[in-house]
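Comments concern the structure below.
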Amino acid sequence: MSNTRPDIRRLRIAVSPREPAVIEVDGHDVAAAIEAYRITQTVDEGPEVTLYVQEGWRGFEFDGLADVRLEPSDVRHVVIGFLEAVDWRVLDEAVLSRTDLDGGLGELTRGVLAQLKEWAARA
């Protein structure tokens, strides 16, 4: 198969409960360098795989079929990005519309946290 996009890589991930994970990029075993991975795909686009590499890791060579992104295993930037994307007006409206507010101490804070957790679970 011809590859005209340099960011597309051949990727193989195989996991099972009793075996170590197999993570190969263009046939190169990279599992030892990976702490986590995320696979996302929409109905309009091909799969995108983000590999979260261990701190201090310096790279490998690859070429292939999924849009592969390398990120540090520290996911603080993901959380920050999620929170930066939240429109406070939409959050305010969603929290005030919740049916689980009880008038108790900290209800708005609990509502905000519950709403953010629900949105994060769907992200």
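Simple scheme: letters A, B, ... for chains in structure tokens order, numbers from 1 for residues in each chain, numbers from 1 for ligands in the order shown.
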
(Q) List as a ChimeraX atom specification the protein and nucleic acid residues near region 83-96 of chain A, meaning an atom at most 12 Å away when only C-alpha atoms are counted, but skip any in the same chain fewer than 6 places from it. (A) /A:76-77,102-103,107-120,123

Practice prompt. Work out how far CA of Ile8 (chain A) is from CA of Val75 (chain A), in Å to one decimal.
Written response: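 These two atoms are separated by 23.1 Å.
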
Mind checking which residues fall within 7 Å of Ile39 (chain A), counting only C-alpha atoms, ignoring those fewer than 4 positions away in the same chain, and posting them as a ChimeraX atom specification?
/A:47-50

Separating CA of Val15 (chain A) from CA of Phe82 (chain A), to the nearest tenth of an Å, is a gap of 27.7 Å

Quick one: distance from CA of Ala21 (chain A) to CA of Ile34 (chain A) in Å, one decimal?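 Straight-line distance from CA of Ala21 (chain A) to CA of Ile34 (chain A) works out to 9.9 Å.
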